[in-house]
>>> print(open('query39.json').read())   # JSON, C-alpha atoms
[["chain", "number", "residue", "atom", "x", "y", "z"],
["A", 255, "ASP", "CA", 80.99, 161.03, 15.35],
["A", 256, "SER", "CA", 77.33, 160.00, 15.18],
["A", 257, "GLY", "CA", 76.17, 162.53, 17.78],
["A", 258, "VAL", "CA", 75.02, 159.75, 20.12],
["A", 259, "THR", "CA", 76.88, 159.59, 23.41],
["A", 260, "GLN", "CA", 77.12, 156.71, 25.84],
["A", 261, "THR", "CA", 78.64, 156.52, 29.29],
["A", 262, "PRO", "CA", 80.59, 154.91, 30.72],
["A", 263, "LYS", "CA", 82.86, 153.60, 28.00],
["A", 264, "HIS", "CA", 83.97, 150.63, 30.09],
["A", 265, "LEU", "CA", 82.45, 149.01, 33.14],
["A", 266, "ILE", "CA", 83.84, 146.14, 35.18],
["A", 267, "THR", "CA", 81.74, 144.63, 37.91],
["A", 268, "ALA", "CA", 81.03, 141.39, 39.74],
["A", 269, "THR", "CA", 78.30, 138.81, 39.39],
["A", 270, "GLY", "CA", 75.13, 139.67, 41.25],
["A", 271, "GLN", "CA", 75.69, 143.40, 40.96],
["A", 272, "ARG", "CA", 73.56, 146.04, 39.27],
["A", 273, "VAL", "CA", 74.74, 148.65, 36.76],
["A", 274, "THR", "CA", 73.21, 151.53, 34.83],
["A", 275, "LEU", "CA", 74.25, 152.47, 31.31],
["A", 276, "ARG", "CA", 73.42, 155.89, 29.98],
["A", 277, "CYS", "CA", 72.69, 157.12, 26.46],
["A", 278, "SER", "CA", 72.06, 160.57, 25.03],
["A", 279, "PRO", "CA", 70.54, 160.55, 21.54],
["A", 280, "ARG", "CA", 71.42, 162.89, 18.68],
["A", 281, "SER", "CA", 69.95, 166.33, 19.08],
["A", 282, "GLY", "CA", 66.33, 166.21, 17.89],
["A", 283, "ASP", "CA", 66.04, 162.42, 17.82],
["A", 284, "LEU", "CA", 63.08, 161.05, 19.75],
["A", 285, "SER", "CA", 63.76, 157.30, 19.57],
["A", 286, "VAL", "CA", 66.40, 155.42, 21.47],
["A", 287, "TYR", "CA", 67.21, 151.76, 20.86],
["A", 288, "TRP", "CA", 69.33, 149.47, 23.01],
["A", 289, "TYR", "CA", 71.34, 146.56, 21.60],
["A", 290, "GLN", "CA", 73.56, 143.89, 23.11],
["A", 291, "GLN", "CA", 76.53, 142.52, 21.18],
["A", 292, "SER", "CA", 78.33, 139.55, 22.68],
["A", 293, "LEU", "CA", 81.72, 138.37, 21.48],
["A", 294, "ASP", "CA", 81.51, 137.31, 17.83],
["A", 295, "GLN", "CA", 77.77, 137.81, 17.85],
["A", 296, "GLY", "CA", 75.50, 140.07, 15.90],
["A", 297, "LEU", "CA", 73.48, 142.84, 17.43],
["A", 298, "GLN", "CA", 70.59, 141.69, 19.58],
["A", 299, "PHE", "CA", 67.81, 144.25, 19.82],
["A", 300, "LEU", "CA", 66.74, 144.77, 23.41],
["A", 301, "ILE", "CA", 64.23, 147.59, 23.59],
["A", 302, "GLN", "CA", 63.12, 150.85, 21.99],
["A", 303, "TYR", "CA", 61.74, 154.02, 23.53],
["A", 304, "TYR", "CA", 60.05, 156.80, 21.62],
["A", 305, "ASN", "CA", 59.49, 160.14, 23.28],
["A", 306, "GLY", "CA", 59.48, 158.60, 26.73],
["A", 307, "GLU", "CA", 57.26, 155.62, 25.97],
["A", 308, "GLU", "CA", 58.29, 152.02, 25.42],
["A", 309, "ARG", "CA", 57.73, 151.34, 21.72],
["A", 310, "ALA", "CA", 59.10, 147.90, 20.93],
["A", 311, "LYS", "CA", 60.62, 145.05, 22.87],
["A", 312, "GLY", "CA", 63.15, 142.51, 21.69],
["A", 313, "ASN", "CA", 65.12, 139.85, 23.49],
["A", 314, "ILE", "CA", 65.40, 141.73, 26.76],
["A", 315, "LEU", "CA", 65.78, 139.70, 29.93],
["A", 316, "GLU", "CA", 63.53, 140.34, 32.91],
["A", 317, "ARG", "CA", 66.64, 141.33, 34.89],
["A", 318, "PHE", "CA", 67.11, 144.23, 32.47],
["A", 319, "SER", "CA", 65.00, 147.35, 32.29],
["A", 320, "ALA", "CA", 65.20, 150.70, 30.59],
["A", 321, "GLN", "CA", 63.58, 154.08, 30.60],
["A", 322, "GLN", "CA", 63.67, 157.30, 28.64],
["A", 323, "PHE", "CA", 63.53, 160.57, 30.51],
["A", 324, "PRO", "CA", 61.82, 163.87, 29.57],
["A", 325, "ASP", "CA", 65.11, 165.23, 28.22],
["A", 326, "LEU", "CA", 65.15, 162.11, 25.97],
["A", 327, "HIS", "CA", 68.26, 160.53, 27.42],
["A", 328, "SER", "CA", 67.86, 156.87, 28.25],
["A", 329, "GLU", "CA", 69.20, 154.48, 30.85],
["A", 330, "LEU", "CA", 69.54, 150.72, 30.66],
["A", 331, "ASN", "CA", 69.56, 149.00, 34.03],
["A", 332, "LEU", "CA", 71.10, 145.56, 34.32],
["A", 333, "SER", "CA", 70.64, 143.70, 37.61],
["A", 334, "SER", "CA", 71.66, 140.37, 39.16],
["A", 335, "LEU", "CA", 74.48, 140.34, 36.64],
["A", 336, "GLU", "CA", 75.79, 137.05, 35.31],
["A", 337, "LEU", "CA", 79.02, 136.23, 33.51],
["A", 338, "GLY", "CA", 77.06, 135.87, 30.28],
["A", 339, "ASP", "CA", 75.96, 139.49, 30.45],
["A", 340, "SER", "CA", 79.49, 140.56, 29.52],
["A", 341, "ALA", "CA", 79.06, 142.28, 26.17],
["A", 342, "LEU", "CA", 79.12, 145.54, 24.28],
["A", 343, "TYR", "CA", 75.94, 147.51, 24.80],
["A", 344, "PHE", "CA", 75.06, 149.98, 22.08],
["A", 345, "CYS", "CA", 72.37, 152.54, 21.94],
["A", 346, "ALA", "CA", 71.17, 154.07, 18.71],
["A", 347, "SER", "CA", 68.81, 156.90, 17.92],
["A", 348, "THR", "CA", 66.48, 157.98, 15.15],
["A", 349, "LEU", "CA", 64.20, 160.94, 14.65],
["A", 350, "GLY", "CA", 61.02, 158.92, 14.27],
["A", 351, "GLN", "CA", 59.46, 155.75, 15.61],
["A", 352, "GLY", "CA", 61.40, 153.35, 13.47],
["A", 353, "VAL", "CA", 60.42, 153.83, 9.87],
["A", 354, "ASP", "CA", 63.70, 155.67, 9.64],
["A", 355, "ASN", "CA", 65.92, 152.92, 8.40],
["A", 356, "GLU", "CA", 69.15, 154.64, 9.32],
["A", 357, "GLN", "CA", 69.99, 154.30, 12.97],
["A", 358, "PHE", "CA", 72.85, 156.32, 14.45],
["A", 359, "PHE", "CA", 74.86, 154.30, 16.92],
["A", 360, "GLY", "CA", 76.78, 155.48, 19.94],
["A", 361, "PRO", "CA", 80.30, 154.24, 20.68],
["A", 362, "GLY", "CA", 79.03, 151.57, 23.07],
["A", 363, "THR", "CA", 79.65, 150.58, 26.67],
["A", 364, "ARG", "CA", 81.81, 147.52, 27.21],
["A", 365, "LEU", "CA", 80.54, 145.64, 30.26],
["A", 366, "THR", "CA", 82.73, 142.99, 31.85],
["A", 367, "VAL", "CA", 81.22, 140.84, 34.58],
["A", 368, "LEU", "CA", 83.78, 138.96, 36.67],
["B", 629, "GLY", "CA", 59.74, 133.87, 13.62],
["B", 630, "GLN", "CA", 62.43, 135.90, 12.02],
["B", 631, "SER", "CA", 65.79, 134.78, 10.71],
["B", 632, "LEU", "CA", 68.60, 136.18, 8.61],
["B", 633, "GLU", "CA", 71.45, 134.25, 7.06],
["B", 634, "GLN", "CA", 74.71, 135.64, 5.78],
["B", 635, "PRO", "CA", 78.15, 134.06, 5.37],
["B", 636, "SER", "CA", 80.33, 134.29, 8.44],
["B", 637, "GLU", "CA", 83.51, 135.20, 6.62],
["B", 638, "VAL", "CA", 84.67, 136.39, 3.20],
["B", 639, "THR", "CA", 88.21, 137.07, 1.98],
["B", 640, "ALA", "CA", 89.07, 139.15, -1.08],
["B", 641, "VAL", "CA", 92.02, 140.93, -2.64],
["B", 642, "GLU", "CA", 92.53, 144.68, -2.69],
["B", 643, "GLY", "CA", 91.00, 146.16, -5.83],
["B", 644, "ALA", "CA", 88.62, 143.26, -6.38],
["B", 645, "ILE", "CA", 84.83, 143.05, -6.13],
["B", 646, "VAL", "CA", 83.04, 141.12, -3.40],
["B", 647, "GLN", "CA", 79.38, 140.28, -2.88],
["B", 648, "ILE", "CA", 77.91, 139.54, 0.56],
["B", 649, "ASN", "CA", 74.58, 137.74, 0.43],
["B", 650, "CYS", "CA", 71.73, 137.87, 2.90],
["B", 651, "THR", "CA", 68.59, 135.75, 2.95],
["B", 652, "TYR", "CA", 65.82, 136.44, 5.37],
["B", 653, "GLN", "CA", 62.58, 135.09, 6.73],
["B", 654, "THR", "CA", 60.24, 137.52, 8.40],
["B", 655, "SER", "CA", 56.68, 138.69, 8.53],
["B", 656, "GLY", "CA", 55.82, 142.33, 8.02],
["B", 657, "PHE", "CA", 58.93, 142.95, 5.88],
["B", 658, "TYR", "CA", 59.53, 146.64, 5.30],
["B", 659, "GLY", "CA", 63.11, 146.88, 4.04],
["B", 660, "LEU", "CA", 66.68, 145.63, 4.20],
["B", 661, "SER", "CA", 69.57, 147.67, 5.57],
["B", 662, "TRP", "CA", 73.31, 147.13, 5.59],
["B", 663, "TYR", "CA", 75.67, 148.27, 8.32],
["B", 664, "GLN", "CA", 79.46, 148.25, 8.56],
["B", 665, "GLN", "CA", 81.29, 147.72, 11.82],
["B", 666, "HIS", "CA", 85.04, 147.92, 12.29],
["B", 667, "ASP", "CA", 86.57, 146.00, 15.18],
["B", 668, "GLY", "CA", 85.92, 147.86, 18.41],
["B", 669, "GLY", "CA", 83.73, 150.41, 16.67],
["B", 670, "ALA", "CA", 80.05, 151.17, 16.39],
["B", 671, "PRO", "CA", 77.92, 150.06, 13.45],
["B", 672, "THR", "CA", 77.49, 152.66, 10.73],
["B", 673, "PHE", "CA", 74.72, 152.74, 8.16],
["B", 674, "LEU", "CA", 75.61, 151.89, 4.56],
["B", 675, "SER", "CA", 72.39, 151.46, 2.59],
["B", 676, "TYR", "CA", 68.71, 150.65, 2.64],
["B", 677, "ASN", "CA", 66.45, 148.91, 0.10],
["B", 678, "ALA", "CA", 62.69, 148.92, 0.40],
["B", 679, "LEU", "CA", 61.98, 148.15, -3.26],
["B", 680, "ASP", "CA", 63.38, 145.51, -5.60],
["B", 681, "GLY", "CA", 66.49, 146.50, -7.47],
["B", 682, "LEU", "CA", 69.95, 147.89, -7.09],
["B", 683, "GLU", "CA", 70.90, 151.00, -5.10],
["B", 684, "GLU", "CA", 74.35, 152.41, -5.77],
["B", 685, "THR", "CA", 76.30, 154.64, -3.42],
["B", 686, "GLY", "CA", 79.85, 155.15, -4.57],
["B", 687, "ARG", "CA", 81.83, 151.92, -4.37],
["B", 688, "PHE", "CA", 79.01, 150.19, -2.49],
["B", 689, "SER", "CA", 75.77, 148.88, -4.01],
["B", 690, "SER", "CA", 72.92, 147.00, -2.40],
["B", 691, "PHE", "CA", 70.34, 144.79, -4.07],
["B", 692, "LEU", "CA", 66.98, 143.48, -2.94],
["B", 693, "SER", "CA", 64.59, 140.87, -4.30],
["B", 694, "ARG", "CA", 61.48, 140.81, -2.12],
["B", 695, "SER", "CA", 60.02, 137.80, -3.94],
["B", 696, "ASP", "CA", 63.17, 135.78, -3.19],
["B", 697, "SER", "CA", 63.63, 137.21, 0.35],
["B", 698, "TYR", "CA", 67.20, 137.91, -0.68],
["B", 699, "GLY", "CA", 69.57, 140.78, -0.83],
["B", 700, "TYR", "CA", 73.25, 141.45, -1.26],
["B", 701, "LEU", "CA", 75.87, 144.09, -0.65],
["B", 702, "LEU", "CA", 78.38, 144.62, -3.44],
["B", 703, "LEU", "CA", 81.70, 146.25, -2.66],
["B", 704, "GLN", "CA", 83.84, 147.35, -5.61],
["B", 705, "GLU", "CA", 87.47, 148.47, -5.86],
["B", 706, "LEU", "CA", 88.13, 146.98, -2.45],
["B", 707, "GLN", "CA", 90.43, 148.88, -0.15],
["B", 708, "MET", "CA", 92.23, 147.66, 2.96],
["B", 709, "LYS", "CA", 90.01, 149.92, 5.08],
["B", 710, "ASP", "CA", 86.98, 147.90, 3.92],
["B", 711, "SER", "CA", 88.11, 145.06, 6.21],
["B", 712, "ALA", "CA", 85.26, 145.02, 8.72],
["B", 713, "SER", "CA", 82.10, 143.16, 9.62],
["B", 714, "TYR", "CA", 79.02, 143.75, 7.51],
["B", 715, "PHE", "CA", 75.55, 143.19, 8.91],
["B", 716, "CYS", "CA", 72.32, 142.92, 7.00],
["B", 717, "ALA", "CA", 69.29, 144.00, 8.98],
["B", 718, "VAL", "CA", 65.62, 143.54, 8.28],
["B", 719, "LEU", "CA", 63.22, 146.34, 9.13],
["B", 720, "SER", "CA", 59.85, 144.83, 9.84],
["B", 721, "ARG", "CA", 56.54, 146.14, 11.04],
["B", 722, "MET", "CA", 54.57, 144.19, 13.64],
["B", 723, "ASP", "CA", 51.27, 145.72, 14.75],
["B", 724, "SER", "CA", 52.13, 149.39, 14.95],
["B", 725, "SER", "CA", 55.79, 149.05, 15.90],
["B", 726, "TYR", "CA", 58.90, 148.66, 13.80],
["B", 727, "LYS", "CA", 61.88, 146.47, 14.58],
["B", 728, "LEU", "CA", 65.34, 146.29, 13.08],
["B", 729, "ILE", "CA", 66.67, 142.73, 13.35],
["B", 730, "PHE", "CA", 70.35, 142.20, 12.59],
["B", 731, "GLY", "CA", 72.03, 139.18, 11.07],
["B", 732, "SER", "CA", 75.12, 137.65, 12.68],
["B", 733, "GLY", "CA", 77.45, 139.56, 10.38],
["B", 734, "THR", "CA", 79.99, 138.74, 7.69],
["B", 735, "ARG", "CA", 83.62, 139.41, 8.48],
["B", 736, "LEU", "CA", 85.36, 140.71, 5.36],
["B", 737, "LEU", "CA", 89.12, 140.44, 5.17],
["B", 738, "VAL", "CA", 90.80, 142.40, 2.39],
["B", 739, "ARG", "CA", 94.29, 141.16, 1.53],
["B", 740, "PRO", "CA", 96.98, 143.17, -0.27]]
>>> encode(input="query39.json", output="structure tokens")
Amino acid sequence: DSGVTQTPKHLITATGQRVTLRCSPRSGDLSVYWYQQSLDQGLQFLIQYYNGEERAKGNILERFSAQQFPDLHSELNLSSLELGDSALYFCASTLGQGVDNEQFFGPGTRLTVL
Amino acid sequence: GQSLEQPSEVTAVEGAIVQINCTYQTSGFYGLSWYQQHDGGAPTFLSYNALDGLEETGRFSSFLSRSDSYGYLLLQELQMKDSASYFCAVLSRMDSSYKLIFGSGTRLLVRP
């Protein structure tokens, strides 16, 4: 158990819909990272938040957005969903801004878009 | 841009030694990490190299050559439970932010 929690575990929705994925980092960690992992693909970095502020951006689509709240939990919002958005979405956390090389991953949310 | 290359699949026998290579191209290189991911599970951290040389942690060792933009993960005394995907990941610094970019992963199959 990494100490990072993600909800929901599974999500099934239809094209065109909007969903919100939630992540709570390890106690004391200030950074949250979001990743997308499609079938047989590696991890694609989406976005990082550090202490409530956006810190780094990866290959995140304009239809996707995220935020980190004062209690440090984070939400990833996916809108106008397409079939290709079906994937595992992981969040990870670290204490610092990213020099910490060891990221602790949550169990993931499996999103299926029908 | 940034790129990482690692073999897509490796098969080895229980008790043997296997080496998974990773070559990378990036600017602002800071270090190379390795992660293990079992099917349906979350990635877990294995090792990190910021300097050239070999780092050993139990049955797993990781090597880095910054001049060659190359690293490898060495797994010794393979066990069936080592069957998993292994990702190399480059930690790079761009401006004042850090990014961890993952390779596509190497699926390791350990046979009896």
>>> residues_around(input="query39.json", residues="A:Phe323", least_positions_apart="3", cutoff="12 Å", atoms="all atoms listed in the file", output="ChimeraX atom specification")
/A:276-279,284-286,303-308,320,326-330
>>> closest_residue(input="query39.json", among="A:Gln295, A:Gln321, A:Thr267, A:Asn331", to="B:Ser636", atoms="all atoms listed in the file")
A:Gln295
>>> atom_distance(input="query39.json", atom1="atom CA of B:Gly629", atom2="atom CA of B:Leu736")
27.8 Å
>>> interface_residues(input="query39.json", of="chain A", to="chain B", cutoff="10 Å", atoms="only C-alpha atoms", output="short mmCIF file (atom, residue, chain, number, x, y, z; two decimals) with C-alpha atoms, keeping the file's coordinate frame")
data_model
loop_
_atom_site.label_atom_id
_atom_site.label_comp_id
_atom_site.auth_asym_id
_atom_site.auth_seq_id
_atom_site.Cartn_x
_atom_site.Cartn_y
_atom_site.Cartn_z
CA ASP A 255 80.99 161.03 15.35
CA SER A 256 77.33 160.00 15.18
CA TYR A 287 67.21 151.76 20.86
CA GLN A 291 76.53 142.52 21.18
CA ASP A 294 81.51 137.31 17.83
CA GLN A 295 77.77 137.81 17.85
CA GLY A 296 75.50 140.07 15.90
CA LEU A 297 73.48 142.84 17.43
CA GLN A 298 70.59 141.69 19.58
CA PHE A 299 67.81 144.25 19.82
CA ILE A 301 64.23 147.59 23.59
CA GLN A 302 63.12 150.85 21.99
CA ARG A 309 57.73 151.34 21.72
CA ALA A 310 59.10 147.90 20.93
CA LYS A 311 60.62 145.05 22.87
CA GLY A 312 63.15 142.51 21.69
CA LEU A 342 79.12 145.54 24.28
CA PHE A 344 75.06 149.98 22.08
CA CYS A 345 72.37 152.54 21.94
CA ALA A 346 71.17 154.07 18.71
CA GLN A 351 59.46 155.75 15.61
CA GLY A 352 61.40 153.35 13.47
CA VAL A 353 60.42 153.83 9.87
CA ASP A 354 63.70 155.67 9.64
CA ASN A 355 65.92 152.92 8.40
CA GLU A 356 69.15 154.64 9.32
CA GLN A 357 69.99 154.30 12.97
CA PHE A 358 72.85 156.32 14.45
CA PHE A 359 74.86 154.30 16.92
CA GLY A 360 76.78 155.48 19.94
CA PRO A 361 80.30 154.24 20.68
CA GLY A 362 79.03 151.57 23.07
CA ARG A 364 81.81 147.52 27.21
#
>>> atom_distance(input="query39.json", atom1="atom CA of A:Leu337", atom2="atom CA of A:Thr274")
16.4 Å
>>> atom_distance(input="query39.json", atom1="atom CA of A:Arg272", atom2="atom CA of A:Trp288")
17.1 Å
>>> axis_aligned_box(input="query39.json", around="stretch 648-662 of chain B", padding_each_side="4 Å", output="JSON")
{"center_x": 66.9, "center_y": 141.4, "center_z": 4.5, "size_x": 30.1, "size_y": 20.6, "size_z": 16.1}
>>> decode(input="query39.json", residues="stretch 647-695 of chain B", atoms="C-alpha atoms", output="CSV table (one decimal), in the first residue's frame")
chain,number,residue,atom,x,y,z
B,647,GLN,CA,19.4,-7.3,-18.3
B,648,ILE,CA,16.9,-4.8,-19.5
B,649,ASN,CA,18.5,-1.9,-21.5
B,650,CYS,CA,17.3,1.6,-21.8
B,651,THR,CA,18.6,4.3,-24.1
B,652,TYR,CA,17.4,7.9,-23.9
B,653,GLN,CA,17.5,11.2,-25.6
B,654,THR,CA,16.6,14.3,-23.5
B,655,SER,CA,17.7,17.7,-22.5
B,656,GLY,CA,18.2,18.7,-18.9
B,657,PHE,CA,18.9,15.1,-17.9
B,658,TYR,CA,18.8,14.7,-14.1
B,659,GLY,CA,18.6,10.9,-13.5
B,660,LEU,CA,17.2,7.5,-14.6
B,661,SER,CA,14.7,5.6,-12.6
B,662,TRP,CA,13.3,2.1,-12.9
B,663,TYR,CA,9.8,1.0,-12.0
B,664,GLN,CA,8.1,-2.4,-11.9
B,665,GLN,CA,4.4,-2.9,-12.7
B,666,HIS,CA,2.6,-6.2,-12.4
B,667,ASP,CA,-0.5,-6.7,-14.6
B,668,GLY,CA,-3.4,-4.7,-13.2
B,669,GLY,CA,-1.2,-3.1,-10.5
B,670,ALA,CA,0.4,0.3,-10.0
B,671,PRO,CA,4.0,1.1,-10.8
B,672,THR,CA,6.4,0.7,-7.9
B,673,PHE,CA,9.8,2.3,-7.6
B,674,LEU,CA,12.9,0.1,-7.9
B,675,SER,CA,16.0,2.3,-8.3
B,676,TYR,CA,17.4,5.6,-9.3
B,677,ASN,CA,20.8,6.6,-10.8
B,678,ALA,CA,21.9,10.2,-11.0
B,679,LEU,CA,25.6,9.4,-11.4
B,680,ASP,CA,27.5,6.9,-13.6
B,681,GLY,CA,27.9,3.5,-12.2
B,682,LEU,CA,26.1,0.6,-10.7
B,683,GLU,CA,23.6,0.7,-7.8
B,684,GLU,CA,22.8,-2.6,-6.2
B,685,THR,CA,19.7,-3.3,-4.2
B,686,GLY,CA,19.3,-6.9,-3.3
B,687,ARG,CA,18.7,-9.0,-6.4
B,688,PHE,CA,18.2,-5.9,-8.5
B,689,SER,CA,21.0,-3.6,-9.8
B,690,SER,CA,20.8,-0.5,-12.0
B,691,PHE,CA,23.5,1.0,-14.1
B,692,LEU,CA,23.9,4.4,-15.8
B,693,SER,CA,26.3,5.9,-18.3
B,694,ARG,CA,25.5,9.5,-18.8
B,695,SER,CA,28.0,9.9,-21.6
